[in-house]
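Novice: One structure follows; several queries about it will come next.
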Amino acid sequence: MDIDMDEDDETFYRRDIAGEGRDRDRDRGHSRRDSQSSSYYAHGASSGGYSSQRGSGSSHDSYSRDYGRGGDAGYDSRRRDDRDRRPGYSTHRDTTYSDTDPNWREPYRDRKRDRDQGYELDDESRTRRERERERQQEQRSTAEGRVRGVSPTKRPRESSPERDPDVGRSRVQEFPVPTRPVVEEVERKPKISVIEEEIKPRRPSKVIDEGEKEEISRPMEGRRGMRRSNKMDGRDRYDNVRSRAIDLSSKVGTSGTPVDLIANFFPMATKPTWCLYNYRVDYTPDEERTQMKKRLLRVHNNIIGANIFDGSNMYTIRRLDPEPLILFSERESDKAKIQLTITLTTQIPPGDVQYLQFYNIIIRACMNALKFEELGRHFYDRHSSIKIPQHHLELWPGYITTLRNYENCLMLCVEVTHKVLRQETCLTLIYGQQRERDGRERSQDALIGSIVMTHYNRKTYRVDDIDWTRNPLSTFDMKGKIITLADYYRTKYDLHISDMHQPLLVSRPKKKDIHRGEGGPILLIPELCQMTGLSDDIRKNYKIMRELSMYLQQAPDRRVENIQNFMRRLRCCTDVRELLSKWGLEFEGRLVPVRGRVAPSEQVIFRTGTEPEAVKVGPTADWTFAFKSKSMYSSMRLTRWVVIVTGRDSRGLDTLLHTMRTVGKTLDFEIGQPIQTMRLPDNKVQTFINGINQIMSNHKSLDIIFVILPNQQLDLYSAVKKRCCLDYGIASQCFLSKHLQPNAKGLMSIVTKVVVQINAKLGGEPWATHNPLKASHTMILGFDVYHCGKRKGASVGAMVATTNRDLSRYYSTVSFHHGREELSEKLCTDITKCIYAFRSKNRDELPDRIIMYRDGVGEGQLSYVYNTELAQMKGALTDLYNSAGRPPPKFTMIICTKKGNARIFNKIGTGVRNPDAGTVVDNTITLPERYDFFLISQASRQGTVSPTTYNVIFDEQGLDPDKIQRLTFKLCHLYYNWSGTVAVPAVCQYAHKLAYLTGLSLGNPSHERLAHYLYFL
């Protein structure tokens, strides 16, 4: 039968293969530039510059008996890095969005040009701004709890040509400005901090829930006079890139079977008709303390009405009269009479992004009114906590909320999340590790990178280091008085420290804290810190994880019920109703209906004899059954290979080898007898290294080294991978010895997956799919970043590219970078390597089409990716093709996001279930300024499936939305570590695996000899 292209694909792509294209004009967004500060802080104490840096992620790379869930098949551990391939498992990360208008950029450019030409505020306004900035800086310098080693003094803010001298903010904002020009001072106002009505100021923070590692920020406990939470600046950040081309008539596809869906969004029932006014509040005589400013203004709420006030700027929905409005208040401390001058700064037009920031602040006020506890970026219902005493765990149910303008209206996205708390302190963990050899190193491995919560203020912090030279008896200067940490906590919180010799935990500030002048680390006492999240030992405990999954992996009907219960609580709470009615807001009580489509099932190509045979993939998107009767699409030969095993684990080796040959015969994969079997006397790391060295000295060339590991220890696994991948440039396959035990189950299934994996590592193609772009030279790129490399402070970027027409052979490259600028340079180098690799495999032909799937991009990084990375890659491609005398290729860049908060449900009568694999949503819940769509590429058997969001930020292919969506779904079928679809295109998953292995185990790029093989599976 003819398998080059089925009839639907041929009709579907006919015009595009002919080379029809569409030019896209792109507007570009703007991103905040980083600034640095040199001040040092501590939560009750200070320390010098701490530089140890560790990232999140599991403690070791491992394999699983479930094929594709780990590194090499047979290595039994549930790993976090492959979680995105596991249907039904979801993690939650806070994402914030904003509204945008297609016409906003031109007035912004006009205003930016005016500012660049010197049309700034007048001298009086500038002086007033500088005075306000100096007052705020002085407040920071005298804040309680700060320790610098010297007495606090007023320190001027570091100047930079990139920053606005009036408010210390970046001139280039990360959110769009209004659609028409307004008063210049709008850009110069500090963003809104808190709602004066019923809101307590809290610290912005970023949390990854469900027990994951978290990013946190510094506490503000005891720092009076400071703006504690700039929510419109740090918490709800908007980074908009208009990726939807002007000439794109529609981003909605038409192919597939229509299906009725619902999503976890609540539309706003009433659209506010009011206008937002921005006022500046000046105090005479000057008042520096923000909290006192709020108290002085609060007594006039009956005159002002509902308002948001952050200490200097006030937002209201009514215009005050007269202008300026002068009020008087009495300061309680000294009975002084304070004059408040309220001056109108600007009227913010409807459609401005600040409205969305304003709305999200109101939503957070509603969460406070519901008595929810804020931990990090999200709110949790502490009073409904779930205790699991037998495992010393506690779960706090919570919600992630985001309000944003979607395709048709303003909607509130609500997602269920949980915070996992372990009923053990950091000191208990340190005590346990100290009993072992290398106790300090073990303690650092267990604590660095983890998230802890302090008992006294229930705030979360990321542990970046452990200071073994300090303890609770260490002193610091607090307002000119020398005091120990133990005395500080006793007087401040009535807490008594039991162990005065315990070390201190160090938490470094984040970039947003440095921007506010908070540059130094925080010191925490382990005894007062509670562990959060799931440790690696807990994740390996099947009994605990099975019990946790009852709460963390909620079925669709239960998740929908919890989301609707939240909205009912929101609508029924008296305080919330009063708060929303004050601003004229109301939400519908139903989840928004969505019209989706299910793409046609794809065909996976195997072989029967010498002829290719296409197998239609069913709704489960799993083709494991095909290995029982079909051969692999392309098989290599395994004839020169060796086995390394310890003497005690070699009893079941003969059974394993016999099973491998039996499976290989069925799959048409020739497996010969190992040319050498080395039995090691013990399981020490050095013994395995010496064994590999001896084997490589005995044999000049080998296909693969098969290593049977006695356990899942990271040091042993890393040592084997380093020696093989870095030193000798040879593929290796690891296998756990526990699968060789006489009572082990499922050996045939495990061996089948091992054999398929070995074939892929040797350059074979276990299966393939129809490539609709086969008529042209098309290269698909995947890129991902791992932020925990062995190199200190470095991140690992991995790029994987297809090199053949079937999109089933790959080239890979790895680079290390320390910042975004270095990453951009490495991207250009890596894409050049991939093009040369493609050329070497295609008779000196360069690719005509390049489609890049970029993973690992946060919401706040889109502007940089679009403005910098994309521009540099386009420039590198142009230079490369010009030097070859060829026109530049058609280039497309698509951003993949796996960890969004959107959840989609298939509505069946009165119930719901997970949508089928291939479900596409490109309307209603997508963003109007983007060329984006949701794709569910996996069928979930447990929990709620998480859709992947795709944002086409640049496109020169001329492919309409249907073709982009279908191609993306096809690529999700080509990940050879799992006989089913994965959450993202295979090139992205390969890049993720490579970056993870390099960052966690290898520490350096692998031998160039392995670049054309999938050695990292």
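Note on naming: chains are A, B, ... as they come in the structure tokens, residues start from 1 per chain, ligands start from 1 in the order shown.
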Any chance you could list, as a list in words, the residues in stretch 626-704 of chain A that come up strand (DSSP E or B) when DSSP is run on the backbone?
Specialist: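 Across stretch 626-704 of chain A, those assigned strand (DSSP E or B) are Ser631, Ser634, Arg637, Leu638, Trp641, Val642, Val643, Ile644, Val645, Thr646, Glu670, Ile671, Gln676, Thr677, Met678, Arg679, Leu680 and Ile704 of chain A.
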Novice: DSSP on the backbone: which residues in stretch 886-981 of chain A end up as helix (DSSP H, G or I)? Give the answer as a PDB file with N, CA and C atoms, in the first residue's frame.
Specialist:
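Once everything was written out, this is states06.pdb:
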ATOM      1  N   PRO A 961      -4.428  27.893  10.034  1.00  0.00           N
ATOM      2  CA  PRO A 961      -4.496  27.334  11.394  1.00  0.00           C
ATOM      3  C   PRO A 961      -4.711  25.830  11.431  1.00  0.00           C
ATOM      4  N   ASP A 962      -5.553  25.294  10.550  1.00  0.00           N
ATOM      5  CA  ASP A 962      -5.781  23.846  10.534  1.00  0.00           C
ATOM      6  C   ASP A 962      -4.488  23.068  10.366  1.00  0.00           C
ATOM      7  N   LYS A 963      -3.655  23.515   9.457  1.00  0.00           N
ATOM      8  CA  LYS A 963      -2.429  22.786   9.143  1.00  0.00           C
ATOM      9  C   LYS A 963      -1.410  22.884  10.273  1.00  0.00           C
ATOM     10  N   ILE A 964      -1.297  24.044  10.875  1.00  0.00           N
ATOM     11  CA  ILE A 964      -0.404  24.195  12.020  1.00  0.00           C
ATOM     12  C   ILE A 964      -0.852  23.266  13.147  1.00  0.00           C
ATOM     13  N   GLN A 965      -2.143  23.212  13.414  1.00  0.00           N
ATOM     14  CA  GLN A 965      -2.654  22.379  14.493  1.00  0.00           C
ATOM     15  C   GLN A 965      -2.464  20.895  14.198  1.00  0.00           C
ATOM     16  N   ARG A 966      -2.754  20.484  12.965  1.00  0.00           N
ATOM     17  CA  ARG A 966      -2.601  19.086  12.601  1.00  0.00           C
ATOM     18  C   ARG A 966      -1.126  18.662  12.640  1.00  0.00           C
ATOM     19  N   LEU A 967      -0.231  19.519  12.137  1.00  0.00           N
ATOM     20  CA  LEU A 967       1.189  19.198  12.157  1.00  0.00           C
ATOM     21  C   LEU A 967       1.694  19.053  13.589  1.00  0.00           C
ATOM     22  N   THR A 968       1.263  19.943  14.461  1.00  0.00           N
ATOM     23  CA  THR A 968       1.675  19.872  15.863  1.00  0.00           C
ATOM     24  C   THR A 968       1.216  18.567  16.497  1.00  0.00           C
ATOM     25  N   PHE A 969      -0.011  18.170  16.213  1.00  0.00           N
ATOM     26  CA  PHE A 969      -0.525  16.921  16.758  1.00  0.00           C
ATOM     27  C   PHE A 969       0.254  15.719  16.212  1.00  0.00           C
ATOM     28  N   LYS A 970       0.602  15.737  14.949  1.00  0.00           N
ATOM     29  CA  LYS A 970       1.397  14.652  14.365  1.00  0.00           C
ATOM     30  C   LYS A 970       2.734  14.502  15.097  1.00  0.00           C
ATOM     31  N   LEU A 971       3.373  15.629  15.378  1.00  0.00           N
ATOM     32  CA  LEU A 971       4.697  15.592  16.001  1.00  0.00           C
ATOM     33  C   LEU A 971       4.650  15.037  17.420  1.00  0.00           C
TER      34      LEU A 971
END
Novice: Kindly give the distance, in Å, that separates atom CA of A:Arg849 and atom CA of A:Phe891, rounded to a single decimal.
Specialist: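 Between these atoms lies a distance of 6.1 Å.
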Novice: Grab the atom CA of A:Arg930 to atom CA of A:Ser795 distance for me, in Å with one decimal place.
Specialist: 28.6 Å
Novice: Name all residues at most 9 Å from stretch 980-988 of chain A (count only C-alpha atoms; drop same-chain ones fewer than 5 positions away) and give them as number ranges by chain.
Specialist: A: 84-87, 617, 620-624, 780-784, 799-802, 810, 853-855, 896-898, 917, 935-939, 946-948, 968-975, 993
Novice: A:Leu997: which residues within 9 Å, counting only C-alpha atoms, same-chain residues fewer than 2 positions away excluded, as a VMD selection string?
Specialist: chain A and resid 61 71 718 721 992 to 995 999 to 1003 1016
Novice: Would you kindly return, as a PyMOL selection string, each protein, DNA or RNA residue with an atom no farther than 6 Å from any atom of stretch 393-410 of chain A, considering only C-alpha atoms and excluding same-chain residues fewer than 3 positions away?
Specialist: chain A and resi 97-99+268+360+378-382+385-388+413-423+924-928
Novice: Between A:Pro600, A:Pro681, A:Pro509, A:Pro324, which one has atoms that come closest to A:Pro258, using only C-alpha atoms?
Specialist: A:Pro600
Novice: Under the rule that only C-alpha atoms are counted, which of A:Leu412, A:Ile689, A:Ile695, A:Leu504 is the nearest residue to A:Val720?
Specialist: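 Using only C-alpha atoms, A:Val720 sits closest to A:Ile689.
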Novice: Calculated over only C-alpha atoms, which of the candidates A:Thr343, A:Pro350, A:Gly943, A:Leu714 has the smallest distance to A:Tyr551?
Specialist: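 Smallest distance to A:Tyr551 is found for A:Gly943.
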Novice: Tell me which protein, DNA and RNA residues are within 8 Å of stretch 564-567 of chain A, counting only C-alpha atoms, leaving out same-chain ones fewer than 6 positions away, and put them as a PDB file with all heavy atoms, in the first residue's frame.
Specialist:
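Final output, around_25.pdb:
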ATOM      1  N   GLY A 589     -22.439  32.458  37.315  1.00  0.00           N
ATOM      2  CA  GLY A 589     -22.206  31.281  38.137  1.00  0.00           C
ATOM      3  C   GLY A 589     -21.955  30.020  37.343  1.00  0.00           C
ATOM      4  O   GLY A 589     -21.825  28.940  37.927  1.00  0.00           O
ATOM      5  N   ARG A 590     -21.860  30.115  36.039  1.00  0.00           N
ATOM      6  CA  ARG A 590     -21.664  28.939  35.195  1.00  0.00           C
ATOM      7  C   ARG A 590     -20.294  28.992  34.525  1.00  0.00           C
ATOM      8  O   ARG A 590     -19.739  30.069  34.267  1.00  0.00           O
ATOM      9  CB  ARG A 590     -22.740  28.874  34.110  1.00  0.00           C
ATOM     10  CG  ARG A 590     -22.693  30.070  33.156  1.00  0.00           C
ATOM     11  CD  ARG A 590     -23.741  30.004  32.069  1.00  0.00           C
ATOM     12  NE  ARG A 590     -23.646  31.175  31.183  1.00  0.00           N
ATOM     13  CZ  ARG A 590     -22.849  31.231  30.126  1.00  0.00           C
ATOM     14  NH1 ARG A 590     -22.090  30.193  29.827  1.00  0.00           N
ATOM     15  NH2 ARG A 590     -22.806  32.314  29.362  1.00  0.00           N
ATOM     16  N   LEU A 591     -19.759  27.801  34.250  1.00  0.00           N
ATOM     17  CA  LEU A 591     -18.517  27.715  33.488  1.00  0.00           C
ATOM     18  C   LEU A 591     -18.804  28.023  32.021  1.00  0.00           C
ATOM     19  O   LEU A 591     -19.865  27.673  31.494  1.00  0.00           O
ATOM     20  CB  LEU A 591     -17.907  26.320  33.614  1.00  0.00           C
ATOM     21  CG  LEU A 591     -17.398  25.928  35.009  1.00  0.00           C
ATOM     22  CD1 LEU A 591     -16.927  24.482  35.011  1.00  0.00           C
ATOM     23  CD2 LEU A 591     -16.290  26.838  35.471  1.00  0.00           C
TER      24      LEU A 591
END
Novice: I'd like the interatomic distance between atom CA of A:Arg490 and atom CA of A:Gln291, to a tenth of an Å.
Specialist: 25.0 Å
Novice: Between A:Lys890, A:Arg508, A:His817, A:Lys753, which has the minimum distance to A:Leu846 (counting only C-alpha atoms)?
Specialist: A:Lys890
Novice: Using only C-alpha atoms, which residues sit within 8 Å of A:Leu1010 once same-chain residues fewer than 4 positions away are excluded, as a list in words?
Specialist: Cys725, Gly729, Ile730, Ala731, Ser1006, Leu1014 and Tyr1015 of chain A
